[in-house]
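This report concerns only the one structure given below.
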Amino acid sequence: MTAQSGGAVLVPEGPHMRHVLGHFCTGIAVITAHDGNRPIGFTCQSVTSVSLDPPYISFCPAATSTSWPLIRAVGTLCVNILAAEQRDVCTRFATRGDDKFSGVSWKPGANGAPTVDGTLASIEADIEFEHAAGDHSIVVARVTGLWAHEERRPLLFYRGGYGAFEGTPDA
């Protein structure tokens, strides 16, 4: 639903937009921080590279998130890109509650943010900008450290379901 015959653009409704954009396969990450007292985190599928110079990434937390304001207040974070075997971690951090880290193995990164064990990659960053964007916000963060585990496969989200990439890394 993009335009009527007269050329007027139609505004898509939420369910239609979710359906069409669900055809774009994304990876899944858990954004984490530590406020000095406890670890904080939430699941996010809107992570992308923005710039190599300076090294920026972005992600889009929901305006209704209770974890994001706490992470914003800390200012430093870790983007934990989930591996195919971490669907349970994805589900745990996608729910509301204070005990998201229960049963999840992690260690503090160089910036103090939790680095979840078993991830495909981790990106440590400092929050630089935030822009309101409808029912989400767009956060731009400067990368301060990163690493990847070359043998693991990504956890993917596509058309409302989860899966993994079956190809070889060299394909």
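In the structure tokens, chains take the letters A, B, ... in the order shown, each chain's residues start at 1, and ligands count up from 1 in the order shown.
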
Can you write out as CSV which residues of stretch 59-156 of chain A fall within 10 Å of stretch 45-49 of chain A, alongside each residue's closest atom pair and its distance in Å to one decimal, counting only C-alpha atoms and ordering rows by chain and ascending residue number?
```
residue,atom,partner,partner_atom,distance
A:Phe59,CA,A:Val47,CA,4.4
A:Cys60,CA,A:Ser46,CA,5.7
A:Pro61,CA,A:Ser46,CA,8.1
A:Val79,CA,A:Val47,CA,8.4
A:Ile81,CA,A:Val47,CA,9.1
A:Cys90,CA,A:Gln45,CA,9.9
A:Ile138,CA,A:Ser46,CA,9.4
A:Val139,CA,A:Val47,CA,9.6
A:Val140,CA,A:Ser49,CA,9.6
A:Ala141,CA,A:Ser49,CA,9.9
A:Val143,CA,A:Ser49,CA,9.9
A:Leu156,CA,A:Gln45,CA,9.0
```

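Backbone DSSP over stretch 27-71 of chain A gives alpha helix (DSSP H) for Trp68, Pro69, Leu70 and Ile71 of chain A.
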
The selected residues should be written to file as a PDB file, in the first residue's frame (atoms: C-alpha atoms).
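Final output, saved to again.pdb:
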```
ATOM      1  CA  TRP A  68      16.615   2.231  27.926  1.00  0.00           C
ATOM      2  CA  PRO A  69      16.310   5.283  30.258  1.00  0.00           C
ATOM      3  CA  LEU A  70      18.520   3.457  32.781  1.00  0.00           C
ATOM      4  CA  ILE A  71      21.132   2.644  30.119  1.00  0.00           C
TER       5      ILE A  71
END
```

Kindly assemble as CSV a list of the stretch 67-108 of chain A residues that lie within 7 Å of stretch 24-32 of chain A, each paired with its nearest atom pair and their distance in Å to one decimal, using only C-alpha atoms, sorted first by chain and then by ascending residue number.
```
residue,atom,partner,partner_atom,distance
A:Leu77,CA,A:Thr32,CA,5.5
A:Cys78,CA,A:Thr32,CA,5.2
A:Val79,CA,A:Ile31,CA,4.6
A:Asn80,CA,A:Val30,CA,5.0
A:Ile81,CA,A:Ala29,CA,4.2
A:Leu82,CA,A:Ala29,CA,5.4
A:Phe93,CA,A:Val30,CA,7.0
```

Restrict the selected residues to N, CA and C atoms and save them as a PDB file, in the first residue's frame.
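Final output, out.pdb:
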```pdb
ATOM      1  N   LEU A  77      27.734   1.436  27.030  1.00  0.00           N
ATOM      2  CA  LEU A  77      26.935   0.230  26.832  1.00  0.00           C
ATOM      3  C   LEU A  77      27.712  -0.800  26.029  1.00  0.00           C
ATOM      4  N   CYS A  78      27.113  -1.971  25.914  1.00  0.00           N
ATOM      5  CA  CYS A  78      27.640  -3.038  25.067  1.00  0.00           C
ATOM      6  C   CYS A  78      26.492  -3.568  24.217  1.00  0.00           C
ATOM      7  N   VAL A  79      26.737  -3.678  22.923  1.00  0.00           N
ATOM      8  CA  VAL A  79      25.797  -4.310  22.009  1.00  0.00           C
ATOM      9  C   VAL A  79      26.274  -5.750  21.847  1.00  0.00           C
ATOM     10  N   ASN A  80      25.525  -6.688  22.399  1.00  0.00           N
ATOM     11  CA  ASN A  80      25.849  -8.108  22.346  1.00  0.00           C
ATOM     12  C   ASN A  80      25.066  -8.728  21.194  1.00  0.00           C
ATOM     13  N   ILE A  81      25.729  -9.054  20.093  1.00  0.00           N
ATOM     14  CA  ILE A  81      25.067  -9.626  18.930  1.00  0.00           C
ATOM     15  C   ILE A  81      24.899 -11.124  19.175  1.00  0.00           C
ATOM     16  N   LEU A  82      23.653 -11.568  19.189  1.00  0.00           N
ATOM     17  CA  LEU A  82      23.359 -12.933  19.607  1.00  0.00           C
ATOM     18  C   LEU A  82      23.702 -13.976  18.555  1.00  0.00           C
ATOM     19  N   PHE A  93      15.575 -11.168  27.528  1.00  0.00           N
ATOM     20  CA  PHE A  93      15.791  -9.727  27.541  1.00  0.00           C
ATOM     21  C   PHE A  93      14.685  -8.948  26.825  1.00  0.00           C
TER      22      PHE A  93
END
```

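Straight-line separation from atom CA of A:Asn111 to atom CA of A:Gly75: 10.1 Å.
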
For A:Thr115, work out the shell of residues within 7 Å, counting only C-alpha atoms and skipping chain neighbours fewer than 4 positions away, then give it as a list in words.
Cys78, Asn80, Trp106, Lys107, Pro108, Gly109 and Ser122 of chain A

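Nearest residue to A:Glu128, choosing from A:Leu52, A:Ile40, A:Ile57, A:Val20 and counting only C-alpha atoms: A:Ile57.
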
List as a list in words the protein and nucleic acid residues near A:Glu85, meaning an atom at most 10 Å away when only C-alpha atoms are counted, but skip any in the same chain fewer than 5 places from it.
Cys90, Gly118, Thr119, Leu120, Arg152, Arg153, Pro154, Leu155, Gly163 and Ala164 of chain A

Excluding A:Ala62 and any residue of its chain fewer than 2 positions from it, enumerate the residues within 10 Å of it, using only C-alpha atoms, and give them as a VMD selection string.
chain A and resid 44 60 64 to 68 133 to 138

Would you mind writing down, as a ChimeraX atom specification, each residue of stretch 9-151 of chain A that DSSP on the backbone assigns to strand (DSSP E or B)?
/A:9,26-27,29-34,39-44,48-51,56-59,62,76-81,83,106-108,114-116,121-133,136-148

Fewer than 3 positions away in the same chain doesn't count, so skip those; otherwise give me all residues within 7 Å of A:His34, counting only C-alpha atoms, as an mmCIF file with N, CA, C and O atoms, in the first residue's frame.
```cif
data_model
loop_
_atom_site.group_PDB
_atom_site.id
_atom_site.type_symbol
_atom_site.label_atom_id
_atom_site.label_comp_id
_atom_site.auth_asym_id
_atom_site.auth_seq_id
_atom_site.Cartn_x
_atom_site.Cartn_y
_atom_site.Cartn_z
ATOM 1 N N ARG A 38 23.754 -2.792 39.428
ATOM 2 C CA ARG A 38 23.152 -3.955 38.771
ATOM 3 C C ARG A 38 23.319 -3.858 37.259
ATOM 4 O O ARG A 38 23.416 -2.771 36.693
ATOM 5 N N PRO A 39 23.271 -5.020 36.577
ATOM 6 C CA PRO A 39 23.292 -5.012 35.117
ATOM 7 C C PRO A 39 21.891 -4.696 34.579
ATOM 8 O O PRO A 39 20.883 -5.018 35.202
ATOM 9 N N ILE A 40 21.848 -4.062 33.417
ATOM 10 C CA ILE A 40 20.600 -3.655 32.775
ATOM 11 C C ILE A 40 20.681 -4.091 31.320
ATOM 12 O O ILE A 40 21.765 -4.055 30.720
ATOM 13 N N GLY A 112 32.795 -1.576 31.518
ATOM 14 C CA GLY A 112 31.941 -1.982 32.630
ATOM 15 C C GLY A 112 30.611 -2.582 32.225
ATOM 16 O O GLY A 112 29.926 -3.186 33.043
ATOM 17 N N ALA A 113 30.215 -2.428 30.968
ATOM 18 C CA ALA A 113 28.935 -2.980 30.511
ATOM 19 C C ALA A 113 29.035 -4.495 30.385
ATOM 20 O O ALA A 113 30.078 -5.020 29.980
ATOM 21 N N PRO A 114 27.969 -5.213 30.709
ATOM 22 C CA PRO A 114 27.994 -6.672 30.608
ATOM 23 C C PRO A 114 28.211 -7.164 29.178
ATOM 24 O O PRO A 114 27.525 -6.734 28.256
#
```

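Of the residues under consideration (A:Ala83, A:Ala132, A:Ala125, A:Ala110), A:Ala83 shows the shortest atom-to-atom contact distance to A:Ala148 when counting only C-alpha atoms.
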
Record the distance separating atom CA of A:Tyr56 and atom CA of A:Arg96, expressed in Å with one decimal.
28.1 Å
